[in-house]
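Data from run.cif: mmCIF, C-alpha atoms
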data_run
loop_
_atom_site.group_PDB
_atom_site.id
_atom_site.type_symbol
_atom_site.label_atom_id
_atom_site.label_comp_id
_atom_site.auth_asym_id
_atom_site.auth_seq_id
_atom_site.Cartn_x
_atom_site.Cartn_y
_atom_site.Cartn_z
ATOM 1 C CA MET A 1 19.225 -133.366 122.714
ATOM 2 C CA ARG A 2 22.312 -132.174 124.521
ATOM 3 C CA ASN A 3 21.963 -131.378 128.230
ATOM 4 C CA VAL A 4 24.195 -128.372 128.871
ATOM 5 C CA ASN A 5 24.532 -126.657 132.249
ATOM 6 C CA SER A 6 22.519 -123.467 131.773
ATOM 7 C CA VAL A 7 24.624 -121.708 134.438
ATOM 8 C CA LEU A 8 27.683 -121.764 132.188
ATOM 9 C CA PRO A 9 27.821 -119.300 129.287
ATOM 10 C CA ARG A 10 27.305 -121.065 126.004
ATOM 11 C CA PRO A 11 29.986 -120.927 123.344
ATOM 12 C CA VAL A 12 29.111 -118.542 120.526
ATOM 13 C CA VAL A 13 29.064 -119.972 116.998
ATOM 14 C CA ALA A 14 29.023 -117.607 114.026
ATOM 15 C CA VAL A 15 26.679 -118.800 111.258
ATOM 16 C CA ILE A 16 27.425 -117.448 107.805
ATOM 17 C CA CYS A 17 24.341 -115.930 106.171
ATOM 18 C CA ASP A 18 23.189 -115.805 102.569
ATOM 19 C CA ARG A 19 22.364 -112.461 100.976
ATOM 20 C CA ILE A 20 18.850 -112.675 99.599
ATOM 21 C CA ARG A 21 16.057 -110.271 98.701
ATOM 22 C CA TYR A 22 12.953 -109.943 100.889
ATOM 23 C CA PHE A 23 10.238 -107.578 99.665
ATOM 24 C CA GLU A 24 12.924 -105.938 97.501
ATOM 25 C CA HIS A 25 15.178 -105.401 100.520
ATOM 26 C CA PRO A 26 18.631 -107.008 100.687
ATOM 27 C CA VAL A 27 18.552 -109.361 103.680
ATOM 28 C CA HIS A 28 21.155 -111.497 105.450
ATOM 29 C CA ALA A 29 19.553 -114.796 106.428
ATOM 30 C CA ALA A 30 20.197 -118.420 107.448
ATOM 31 C CA PRO A 31 17.756 -121.356 107.697
ATOM 32 C CA GLU A 32 16.352 -121.915 111.185
ATOM 33 C CA THR A 33 17.088 -125.656 111.073
ATOM 34 C CA TYR A 34 20.823 -124.957 111.447
ATOM 35 C CA LEU A 35 20.231 -122.572 114.334
ATOM 36 C CA ARG A 36 18.034 -125.052 116.195
ATOM 37 C CA ALA A 37 20.530 -127.855 115.667
ATOM 38 C CA LEU A 38 23.288 -125.700 117.122
ATOM 39 C CA HIS A 39 21.154 -124.674 120.096
ATOM 40 C CA GLU A 40 19.571 -128.038 120.871
ATOM 41 C CA ALA A 41 22.137 -130.632 119.771
ATOM 42 C CA ALA A 42 25.447 -128.773 120.075
ATOM 43 C CA GLY A 43 24.526 -126.711 123.135
ATOM 44 C CA VAL A 44 25.898 -123.465 121.709
ATOM 45 C CA MET A 45 24.461 -120.046 120.910
ATOM 46 C CA PRO A 46 24.193 -119.321 117.177
ATOM 47 C CA LEU A 47 25.026 -115.815 116.001
ATOM 48 C CA LEU A 48 24.147 -114.748 112.455
ATOM 49 C CA LEU A 49 27.081 -113.276 110.591
ATOM 50 C CA PRO A 50 26.318 -110.771 107.804
ATOM 51 C CA VAL A 51 27.971 -111.446 104.467
ATOM 52 C CA SER A 52 29.511 -108.008 104.118
ATOM 53 C CA PRO A 53 33.256 -108.026 104.769
ATOM 54 C CA GLU A 54 33.268 -104.257 105.305
ATOM 55 C CA MET A 55 30.925 -104.734 108.301
ATOM 56 C CA LEU A 56 33.158 -107.315 109.959
ATOM 57 C CA ASP A 57 36.011 -106.429 112.255
ATOM 58 C CA LEU A 58 37.943 -109.698 112.163
ATOM 59 C CA PRO A 59 39.976 -109.194 115.363
ATOM 60 C CA THR A 60 36.765 -108.514 117.307
ATOM 61 C CA LEU A 61 34.926 -111.431 115.729
ATOM 62 C CA LEU A 62 37.719 -113.967 116.079
ATOM 63 C CA SER A 63 38.359 -113.082 119.715
ATOM 64 C CA THR A 64 34.643 -113.511 120.479
ATOM 65 C CA VAL A 65 33.388 -116.635 118.685
ATOM 66 C CA ASP A 66 34.155 -120.230 119.629
ATOM 67 C CA GLY A 67 33.032 -121.875 116.394
ATOM 68 C CA VAL A 68 31.928 -121.190 112.826
ATOM 69 C CA LEU A 69 29.220 -122.902 110.785
ATOM 70 C CA LEU A 70 29.105 -122.671 107.001
ATOM 71 C CA PRO A 71 25.556 -123.831 106.200
ATOM 72 C CA GLY A 72 24.045 -125.080 102.980
ATOM 73 C CA SER A 73 22.438 -122.790 100.435
ATOM 74 C CA PRO A 74 20.677 -122.926 97.054
ATOM 75 C CA SER A 75 23.476 -120.755 95.670
ATOM 76 C CA ASN A 76 26.716 -122.035 94.172
ATOM 77 C CA VAL A 77 30.331 -121.065 94.713
ATOM 78 C CA ALA A 78 31.445 -118.924 91.777
ATOM 79 C CA ALA A 79 33.507 -121.081 89.402
ATOM 80 C CA GLU A 80 36.136 -118.350 89.123
ATOM 81 C CA ARG A 81 37.069 -119.175 92.725
ATOM 82 C CA TYR A 82 38.561 -122.464 91.524
ATOM 83 C CA CYS A 83 39.782 -121.203 88.132
ATOM 84 C CA ALA A 84 37.012 -122.836 86.079
ATOM 85 C CA GLU A 85 34.835 -121.490 83.308
ATOM 86 C CA PRO A 86 31.985 -119.280 84.634
ATOM 87 C CA LEU A 87 28.775 -121.057 85.565
ATOM 88 C CA PRO A 88 25.776 -120.693 83.222
ATOM 89 C CA ALA A 89 24.085 -117.297 83.490
ATOM 90 C CA HIS A 90 20.945 -118.741 85.103
ATOM 91 C CA THR A 91 22.922 -120.365 87.955
ATOM 92 C CA LEU A 92 22.209 -118.919 91.394
ATOM 93 C CA THR A 93 25.357 -117.519 92.994
ATOM 94 C CA ASP A 94 26.094 -115.269 95.983
ATOM 95 C CA GLU A 95 29.176 -113.112 95.516
ATOM 96 C CA TYR A 96 28.681 -111.517 98.946
ATOM 97 C CA ARG A 97 28.855 -114.874 100.692
ATOM 98 C CA ASP A 98 31.843 -115.943 98.590
ATOM 99 C CA GLU A 99 33.756 -112.789 99.468
ATOM 100 C CA THR A 100 32.965 -113.046 103.173
ATOM 101 C CA VAL A 101 33.701 -116.751 103.545
ATOM 102 C CA PHE A 102 36.981 -116.723 101.642
ATOM 103 C CA SER A 103 38.213 -113.675 103.569
ATOM 104 C CA LEU A 104 37.235 -115.268 106.900
ATOM 105 C CA LEU A 105 38.501 -118.842 106.482
ATOM 106 C CA PRO A 106 42.269 -118.178 106.638
ATOM 107 C CA GLN A 107 41.992 -116.626 110.103
ATOM 108 C CA VAL A 108 39.416 -119.132 111.392
ATOM 109 C CA ILE A 109 41.614 -122.098 110.497
ATOM 110 C CA ALA A 110 44.861 -120.415 111.565
ATOM 111 C CA ARG A 111 43.399 -119.736 115.020
ATOM 112 C CA GLY A 112 42.076 -123.267 115.420
ATOM 113 C CA ILE A 113 38.446 -122.140 115.735
ATOM 114 C CA PRO A 114 36.195 -125.201 115.272
ATOM 115 C CA LEU A 115 34.584 -125.207 111.837
ATOM 116 C CA LEU A 116 31.599 -127.228 110.617
ATOM 117 C CA ALA A 117 30.803 -126.917 106.907
ATOM 118 C CA ILE A 118 27.631 -128.372 105.384
ATOM 119 C CA CYS A 119 26.596 -128.703 101.710
ATOM 120 C CA ARG A 120 27.598 -125.361 100.120
ATOM 121 C CA GLY A 121 29.897 -124.847 103.084
ATOM 122 C CA PHE A 122 31.529 -128.211 102.336
ATOM 123 C CA GLN A 123 32.117 -127.080 98.754
ATOM 124 C CA GLU A 124 33.457 -123.691 99.898
ATOM 125 C CA LEU A 125 35.904 -125.453 102.189
ATOM 126 C CA ASN A 126 37.137 -127.746 99.423
ATOM 127 C CA VAL A 127 37.736 -124.738 97.176
ATOM 128 C CA PHE A 128 39.529 -122.883 99.979
ATOM 129 C CA PHE A 129 41.976 -125.791 100.306
ATOM 130 C CA GLY A 130 42.691 -125.633 96.572
ATOM 131 C CA GLY A 131 40.147 -128.192 95.367
ATOM 132 C CA THR A 132 37.720 -127.921 92.474
ATOM 133 C CA LEU A 133 34.032 -128.640 91.976
ATOM 134 C CA HIS A 134 32.068 -130.557 89.376
ATOM 135 C CA ARG A 135 29.094 -128.430 88.362
ATOM 136 C CA ALA A 136 26.756 -131.311 87.433
ATOM 137 C CA VAL A 137 27.605 -134.493 89.310
ATOM 138 C CA HIS A 138 24.633 -136.358 87.808
ATOM 139 C CA GLU A 139 26.167 -135.993 84.326
ATOM 140 C CA ARG A 140 29.296 -137.945 85.240
ATOM 141 C CA PRO A 141 29.471 -141.490 83.842
ATOM 142 C CA ASP A 142 28.158 -144.096 86.316
ATOM 143 C CA ALA A 143 27.326 -141.391 88.872
ATOM 144 C CA LEU A 144 24.294 -141.296 91.132
ATOM 145 C CA ASP A 145 21.768 -138.512 90.727
ATOM 146 C CA HIS A 146 22.398 -136.646 93.978
ATOM 147 C CA ARG A 147 19.734 -133.996 93.359
ATOM 148 C CA GLU A 148 16.724 -133.675 95.663
ATOM 149 C CA GLY A 149 14.179 -134.259 92.929
ATOM 150 C CA ASP A 150 10.704 -132.763 92.541
ATOM 151 C CA HIS A 151 10.333 -129.496 94.450
ATOM 152 C CA ASP A 152 6.548 -129.912 94.426
ATOM 153 C CA ARG A 153 6.919 -132.474 97.205
ATOM 154 C CA PRO A 154 6.805 -131.357 100.863
ATOM 155 C CA LEU A 155 10.092 -129.969 102.150
ATOM 156 C CA THR A 156 10.643 -132.897 104.510
ATOM 157 C CA CYS A 157 10.604 -135.251 101.512
ATOM 158 C CA TRP A 158 13.579 -133.415 100.014
ATOM 159 C CA TYR A 159 15.664 -134.428 103.014
ATOM 160 C CA GLU A 160 14.901 -138.126 103.137
ATOM 161 C CA ASP A 161 17.973 -140.380 103.196
ATOM 162 C CA ARG A 162 19.098 -140.834 99.603
ATOM 163 C CA HIS A 163 21.963 -143.326 99.737
ATOM 164 C CA ARG A 164 24.541 -144.857 102.034
ATOM 165 C CA VAL A 165 28.104 -143.681 102.484
ATOM 166 C CA ALA A 166 31.145 -145.704 103.461
ATOM 167 C CA LEU A 167 32.994 -144.174 106.406
ATOM 168 C CA SER A 168 36.779 -144.266 106.509
ATOM 169 C CA THR A 169 37.797 -147.013 108.913
ATOM 170 C CA ASP A 170 40.093 -144.891 111.058
ATOM 171 C CA GLY A 171 38.285 -141.593 110.487
ATOM 172 C CA LEU A 172 36.512 -139.215 112.833
ATOM 173 C CA LEU A 173 32.974 -140.055 111.692
ATOM 174 C CA ALA A 174 33.459 -143.807 112.076
ATOM 175 C CA SER A 175 34.753 -143.230 115.598
ATOM 176 C CA LEU A 176 31.717 -141.106 116.469
ATOM 177 C CA VAL A 177 29.098 -143.625 115.365
ATOM 178 C CA GLY A 178 30.939 -146.959 115.571
ATOM 179 C CA GLU A 179 29.768 -148.063 112.124
ATOM 180 C CA GLN A 180 31.322 -148.359 108.683
ATOM 181 C CA GLN A 181 28.273 -147.411 106.624
ATOM 182 C CA VAL A 182 25.387 -145.028 107.273
ATOM 183 C CA SER A 183 22.477 -143.634 105.265
ATOM 184 C CA VAL A 184 22.557 -139.897 104.571
ATOM 185 C CA ASN A 185 20.270 -137.222 103.158
ATOM 186 C CA SER A 186 22.717 -135.970 100.566
ATOM 187 C CA LEU A 187 21.121 -133.663 97.991
ATOM 188 C CA HIS A 188 23.139 -131.511 95.631
ATOM 189 C CA HIS A 189 24.020 -131.057 91.975
ATOM 190 C CA GLN A 190 27.572 -129.811 92.453
ATOM 191 C CA GLY A 191 30.219 -131.837 94.243
ATOM 192 C CA VAL A 192 33.913 -132.359 94.807
ATOM 193 C CA ASP A 193 35.903 -132.892 91.628
ATOM 194 C CA ARG A 194 39.498 -132.565 92.866
ATOM 195 C CA LEU A 195 39.895 -132.827 96.633
ATOM 196 C CA GLY A 196 41.685 -129.914 98.293
ATOM 197 C CA ALA A 197 45.263 -130.302 99.522
ATOM 198 C CA GLY A 198 45.546 -131.584 103.082
ATOM 199 C CA LEU A 199 41.955 -132.781 103.300
ATOM 200 C CA ARG A 200 41.305 -136.325 104.485
ATOM 201 C CA ILE A 201 38.358 -138.291 103.088
ATOM 202 C CA GLU A 202 35.884 -139.287 105.803
ATOM 203 C CA ALA A 203 33.045 -140.689 103.670
ATOM 204 C CA LEU A 204 32.443 -141.835 100.096
ATOM 205 C CA ALA A 205 29.180 -142.297 98.208
ATOM 206 C CA PRO A 206 28.632 -145.583 96.302
ATOM 207 C CA ASP A 207 29.710 -143.820 93.083
ATOM 208 C CA GLY A 208 33.018 -142.758 94.655
ATOM 209 C CA LEU A 209 32.031 -139.130 95.255
ATOM 210 C CA VAL A 210 33.610 -137.565 98.355
ATOM 211 C CA GLU A 211 30.838 -136.855 100.860
ATOM 212 C CA ALA A 212 32.828 -135.804 103.952
ATOM 213 C CA PHE A 213 36.342 -134.748 104.873
ATOM 214 C CA THR A 214 38.474 -133.374 107.688
ATOM 215 C CA ALA A 215 41.699 -131.348 107.752
ATOM 216 C CA PRO A 216 43.999 -133.333 110.078
ATOM 217 C CA ALA A 217 46.824 -130.783 110.056
ATOM 218 C CA SER A 218 44.580 -128.010 111.387
ATOM 219 C CA SER A 219 44.906 -127.182 115.073
ATOM 220 C CA GLY A 220 41.122 -127.064 115.507
ATOM 221 C CA LEU A 221 38.256 -129.226 114.301
ATOM 222 C CA VAL A 222 37.567 -128.843 110.568
ATOM 223 C CA LEU A 223 34.728 -131.047 109.353
ATOM 224 C CA GLY A 224 32.987 -130.820 105.985
ATOM 225 C CA LEU A 225 29.817 -132.741 105.107
ATOM 226 C CA GLN A 226 27.982 -132.872 101.791
ATOM 227 C CA TRP A 227 24.786 -134.081 103.483
ATOM 228 C CA HIS A 228 22.436 -132.390 105.992
ATOM 229 C CA PRO A 229 22.767 -133.645 109.586
ATOM 230 C CA GLU A 230 20.703 -130.694 110.838
ATOM 231 C CA MET A 231 17.668 -132.242 109.113
ATOM 232 C CA SER A 232 18.108 -135.773 110.479
ATOM 233 C CA LEU A 233 18.691 -135.293 114.204
ATOM 234 C CA GLY A 234 15.460 -137.124 114.993
ATOM 235 C CA HIS A 235 16.597 -140.471 113.562
ATOM 236 C CA SER A 236 20.337 -140.376 112.842
ATOM 237 C CA PRO A 237 22.788 -141.193 115.658
ATOM 238 C CA LEU A 238 25.616 -139.896 113.471
ATOM 239 C CA ALA A 239 23.871 -136.531 113.007
ATOM 240 C CA GLN A 240 23.455 -136.238 116.766
ATOM 241 C CA GLN A 241 27.096 -137.152 117.362
ATOM 242 C CA ILE A 242 28.323 -134.662 114.753
ATOM 243 C CA PHE A 243 26.652 -131.715 116.471
ATOM 244 C CA SER A 244 27.563 -132.997 119.930
ATOM 245 C CA HIS A 245 31.217 -133.339 118.907
ATOM 246 C CA PHE A 246 31.197 -129.885 117.317
ATOM 247 C CA GLY A 247 29.673 -128.419 120.487
ATOM 248 C CA ASP A 248 32.356 -130.076 122.623
ATOM 249 C CA ALA A 249 35.082 -128.655 120.372
ATOM 250 C CA CYS A 250 33.540 -125.187 120.727
ATOM 251 C CA ARG A 251 33.477 -125.540 124.523
ATOM 252 C CA GLN A 252 37.132 -126.528 124.548
ATOM 253 C CA HIS A 253 37.960 -123.482 122.437
ATOM 254 C CA GLN A 254 35.895 -121.296 124.753
ATOM 255 C CA GLN A 255 37.826 -122.564 127.783
ATOM 256 C CA SER A 256 41.140 -121.970 126.048
ATOM 257 C CA ARG A 257 40.115 -118.482 124.902
ATOM 258 C CA THR A 258 38.826 -117.554 128.357
ATOM 259 C CA SER A 259 42.037 -118.762 130.015
ATOM 260 C CA LEU A 260 44.121 -116.665 127.636
ATOM 261 C CA ASN A 261 41.954 -113.613 128.283
ATOM 262 C CA LEU A 262 42.249 -114.052 132.058
ATOM 263 C CA SER A 263 45.993 -114.532 131.754
ATOM 264 C CA GLY A 264 46.219 -111.334 129.748
ATOM 265 C CA GLU A 265 44.173 -109.459 132.335
ATOM 266 C CA ASN A 266 46.414 -110.739 135.127
ATOM 267 C CA ASP A 267 49.528 -109.694 133.187
ATOM 268 C CA ASN A 268 48.071 -106.237 132.643
ATOM 269 C CA ALA A 269 47.190 -105.967 136.341
ATOM 270 C CA SER A 270 50.766 -106.916 137.274
ATOM 271 C CA ILE A 271 52.155 -104.313 134.897
ATOM 272 C CA ARG A 272 49.888 -101.640 136.406
ATOM 273 C CA ALA A 273 50.935 -102.656 139.949
ATOM 274 C CA ILE A 274 54.617 -102.429 139.022
ATOM 275 C CA ALA A 275 54.046 -99.018 137.411
ATOM 276 C CA VAL A 276 52.409 -97.729 140.607
#

Translate this structure into C-alpha cells?
Amino acid sequence: MRNVNSVLPRPVVAVICDRIRYFEHPVHAAPETYLRALHEAAGVMPLLLPVSPEMLDLPTLLSTVDGVLLPGSPSNVAAERYCAEPLPAHTLTDEYRDETVFSLLPQVIARGIPLLAICRGFQELNVFFGGTLHRAVHERPDALDHREGDHDRPLTCWYEDRHRVALSTDGLLASLVGEQQVSVNSLHHQGVDRLGAGLRIEALAPDGLVEAFTAPASSGLVLGLQWHPEMSLGHSPLAQQIFSHFGDACRQHQQSRTSLNLSGENDNASIRAIAV
C-alpha cells in the first residue's frame, strides 16, 4: 500500500454516494471497499458526497476537493439520459445520483479535477460524453456473459477475475503496468454501446466490448473502468497502479490549488497594504 508522508495534508477526494433506504430512512451511502482503496492505495482522504444537488454548493466543493470518484452501484443510469427507451419497470435506478453526477461533471472536468469512474461511474461518464449504453450486453450476438452470476455465492466470489482485456499499446493503462493483456474482475449487465465523443479506448474485452477509456483532451486525469480495481488490490499490479496514479494526480491538483490560493492571499494582502 502507498506510503504517504503523514505530515502532509492528504488530498480530499469526493466519493459520490447512492441514495438507498435503511430502516425506511433515505440514506446516502458508498461501499467501504472504495473508501479503503482510496485511503490505503491512493493515499487520499475520501469524503462522501450526498446525492442531493440542492445540498451542494459547487463553488465551495470544487475549490476544496482534489479528486472525484464515481463508484459502482447496483443501480443503472436512466435510459432517458442517453435518449433511449425507458428501462423495464423492475430495473433498479437512482434518479438522485443521476441528477447529482450529471450536474457535477461539467465543472469537475472543466476545472481539471482528477476523476476516476468505476462500473456505474464508467457508464455515467460515457453517457456524459454523449455515448450510449447497451442494457443487456449478454444478449448481444457472440458476446460474453459479463454478469457476476449466482448471488448465493460469497461476495468475494462475485469479484473473481472473469476474463482478460487487451490494453491499448500506447495507452495509459499499458504504461502503468507494462503489459498488453491483464485479467480483470469485470461484472455488469449494461455496457458501452456507442463510445462518447472524445473518449479514447484503453482496454477491450475479448468480445470487443470497451472496458476502459480516458479523455485525452481533458486538462486533468479522466479514467473510466468497467471492472473493479478496488476489489483486486491484493493480487493485481494494475489495480495498485491505478489507485497510485490517481492519488498522484490528486496530489498534483492539491499543490496547484494550494499555490493558487496562496497567490490569491498574497494579492489580497498587497491590495490591503496599498489601500492603507

For this session: Identify which of the residues A:Leu104, A:Ala84, A:Val192, A:Ala78 lies closest to A:His134, counting only C-alpha atoms when measuring atom-to-atom distances.
Result: A:Val192

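Here, the PyMOL selection byres ((chain A and resi 199) around 6) matches Gly196, Ala197, Gly198, Arg200, Thr214 and Ala215 of chain A.
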
Would you place a box with edges along x, y and z of the file around all atoms of stretch 94-103 of chain A listed there, add 6 Å to each of its six sides, and report the centre and edge lengths in Å to one decimal, as JSON?
{"center_x": 32.2, "center_y": -114.1, "center_z": 99.5, "size_x": 24.1, "size_y": 17.2, "size_z": 20.1}

For this session: Could you pull out every residue with an atom within 10 Å of (26.8, -128.6, 106.3), file coordinates, counting all atoms listed in the file, and send them as number ranges by chain?
Result: A: 34, 69-73, 116-123, 212, 223-230

Exercise. Near A:His245, counting all atoms listed in the file, which residues have an atom at most 12 Å away, once you skip same-chain residues fewer than 4 positions from it, shown as a PyMOL selection string?
Worked result: chain A and resi 2+38+41-44+67+114-116+172-173+175-177+221-223+237-241+249-252

Please report as JSON lines every residue of stretch 85-196 of chain A lying within 9 Å of stretch 50-61 of chain A, along with the nearest atom pair and their distance in Å (one decimal), using all atoms listed in the file.
{"residue": "A:Tyr96", "atom": "CA", "partner": "A:Val51", "partner_atom": "CA", "distance": 5.6}
{"residue": "A:Arg97", "atom": "CA", "partner": "A:Val51", "partner_atom": "CA", "distance": 5.2}
{"residue": "A:Asp98", "atom": "CA", "partner": "A:Val51", "partner_atom": "CA", "distance": 8.4}
{"residue": "A:Glu99", "atom": "CA", "partner": "A:Pro53", "partner_atom": "CA", "distance": 7.1}
{"residue": "A:Thr100", "atom": "CA", "partner": "A:Pro53", "partner_atom": "CA", "distance": 5.3}
{"residue": "A:Val101", "atom": "CA", "partner": "A:Val51", "partner_atom": "CA", "distance": 7.9}
{"residue": "A:Ser103", "atom": "CA", "partner": "A:Pro53", "partner_atom": "CA", "distance": 7.6}
{"residue": "A:Leu104", "atom": "CA", "partner": "A:Leu58", "partner_atom": "CA", "distance": 7.7}
{"residue": "A:Gln107", "atom": "CA", "partner": "A:Leu58", "partner_atom": "CA", "distance": 8.3}

For this session: Quick one: apply the PyMOL selection byres ((chain A and resi 11) around 12) to the file and drop the selected residues here as a PyMOL selection string.
Result: chain A and resi 4-6+8-10+12-14+38-39+42-47+64-68+113-114+246-258

Exercise. For this file, the PyMOL selection byres ((chain A and resi 18-26) around 7) selects which residues, as a ChimeraX atom specification?
Worked result: /A:16-17,27-30,51,94,96-97

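Take the candidates A:Pro74, A:Gly171, A:Pro141, A:Pro86 and check each one against A:Phe213 using all atoms listed in the file; the shortest distance goes to A:Gly171.
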
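Atom to atom, atom CA of A:Asp207 and atom CA of A:Asp170 stand 20.8 Å apart.
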
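Nearest residue to A:Val184 among A:His235, A:Arg135, A:Arg140, A:His90 is A:His235, counting all atoms listed in the file.
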
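Of note, atom CA of A:Glu124 and atom CA of A:Tyr159 are spaced 21.0 Å apart.
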
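Nearest residue to A:Ala166 among A:Pro206, A:Gly178, A:Gly130, A:Gly191 is A:Pro206, counting all atoms listed in the file.
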
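As for atom CA of A:Ala205 and atom CA of A:Ala79, they are spaced 23.4 Å apart.
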